[in-house]
Amino acid sequence: MTSRAPVESCVLNDDAPWEEFDPSAYLDQNYRDLLDVDAEILELVRDHFSRCTDHAERPILGIDIGAGANLYPALAMLPWCDEITLFERAPKNVGYLRQQRDRLDPDWDAFWKVLSECEPYAGIDGERNERFRKTVRVQKGNLFKLGRPGLLGLRNTQGKWQMGTMFFVAESISTSHDEFRQAIKCFMLSLAPGAPFAAAFMEGSHGYDVGNRHFPACDVDEAEVRKSLEEFTGEIQTKRLGEVSHMVRPGHTGIILAYGKRNQGPRS
């Protein structure tokens with residue numbers, strides 16, 4: 001087993017400079033152009049959701065936890081959802097998401113093109129932007145408080161959403177493995193039994209820079225991802241994307257994609 005590199009100090013989620021997270025710099029680094037690894041992820045998630053939702057009951061409420069400045073998880077849920085909540089903590093990211101809800105930038109056209117190679121995405125191609133505007137709502141919040149009474153005006157948000165995504169969040173908000181596991185638990189408990197989900201993780205990350213600010217990360221591998229998810233799902237697949245072409249920045253060893261369906265699971 002490969003040992004993890006030492007971490008100089010523990011940086012918890014509340015310690016990170018989320019007020020200074022710059023979505024424009026993050027987009028420049030990651031999403032101005034469609035990377036091969038994101039195209040591969042999109043194909044896998046597209047096919048997974050298409051398999052799982054052919055006979056889904058209406059209405060479907062979707063959630064993307066820690067949406068940040070990445071809209072392709074929400075686009076992947078768009079054909080099925082009557083409402084998609086983009087749940088985000090960083091204030092500038094919240095502003096970016098609200099602006100995109102009203103007018104999607106052309107940056108996302110290449111991502112949508114991958115999705116729209118198949119139905120039902122192709123069937124809503126002409127109405128994509130209007131559907132996105134009507135379907136998406138942006139909610140500022142801390143994922144560790146998800147499920148607590150009072151959030152979103154509800155007594156309890158556990159099991160509220162019938163489809164969910166969480167991309168590059170649980171391992172990218174602190175250096176703590178306890179907080180990594182808690183983030184996954186909060187995500188999975190937000191989903192209704194049977195809800196299809198997809199989650200992506202940076203493997204072997206020791207932190208990342210956005211503009212001139214450094215943000216913490218937790219070094220996880222495929223085995224730890226599976227172990228953290230397994231108690232919440234009886235149906236899970238993971239895929240490690242670890243070739244050179246899958247590296248999106250210095251300081252990580254690959255990307256792990258996990259997808260499946262929520263089971264009954266523990267309720268607390």
# chains A, B, ... in the order shown; residues from 1 in each chain; ligands from 1

call {"tool": "select_by_dssp", "arguments": {"residues": "region 29-254 of chain A", "states": "helix (DSSP H, G or I)", "output": "number ranges by chain"}}
result
A: 29-30, 36-52, 72-77, 91-102, 106-115, 122-135, 143-145, 151-153, 177-189, 222-230, 244-246

call {"tool": "residues_around", "arguments": {"residues": "region 25-37 of chain A", "least_positions_apart": "2", "cutoff": "6 Å", "atoms": "only C-alpha atoms", "output": "ChimeraX atom specification"}}
result
/A:22-23,39-40,107,210-211,246

call {"tool": "residues_around", "arguments": {"residues": "region 251-263 of chain A", "least_positions_apart": "6", "cutoff": "9 Å", "atoms": "only C-alpha atoms", "output": "VMD selection string"}}
result
chain A and resid 37 41 44 to 45 48 52 163 167 188 to 189 191 to 208 219 221 to 222 225 to 226 229 231 to 244

call {"tool": "residues_around", "arguments": {"residues": "region 127-130 of chain A", "least_positions_apart": "3", "cutoff": "9 Å", "atoms": "only C-alpha atoms", "output": "PDB file with C-alpha atoms, in the first residue's frame"}}
result
ATOM      1  CA  LEU A  75     -26.584  19.360 -17.142  1.00  0.00           C
ATOM      2  CA  LEU A  78     -31.393  18.067 -16.733  1.00  0.00           C
ATOM      3  CA  PRO A  79     -33.593  15.784 -18.906  1.00  0.00           C
ATOM      4  CA  ARG A 101     -28.967  30.020 -14.329  1.00  0.00           C
ATOM      5  CA  ASP A 102     -30.250  33.019 -16.270  1.00  0.00           C
ATOM      6  CA  ARG A 103     -27.781  32.778 -19.152  1.00  0.00           C
ATOM      7  CA  LEU A 104     -25.500  29.790 -19.737  1.00  0.00           C
ATOM      8  CA  TYR A 121     -30.495  14.793 -24.029  1.00  0.00           C
ATOM      9  CA  GLY A 123     -34.508  15.573 -27.454  1.00  0.00           C
ATOM     10  CA  ILE A 124     -34.210  18.735 -25.361  1.00  0.00           C
ATOM     11  CA  ARG A 133     -33.316  28.491 -16.339  1.00  0.00           C
ATOM     12  CA  LYS A 134     -36.685  27.130 -15.232  1.00  0.00           C
ATOM     13  CA  THR A 135     -35.356  24.043 -13.481  1.00  0.00           C
TER      14      THR A 135
END

call {"tool": "closest_residue", "arguments": {"among": "A:Phe132, A:Phe215, A:Trp112, A:Phe144", "to": "Cys186 (chain A)", "atoms": "only C-alpha atoms"}}
result
A:Phe144
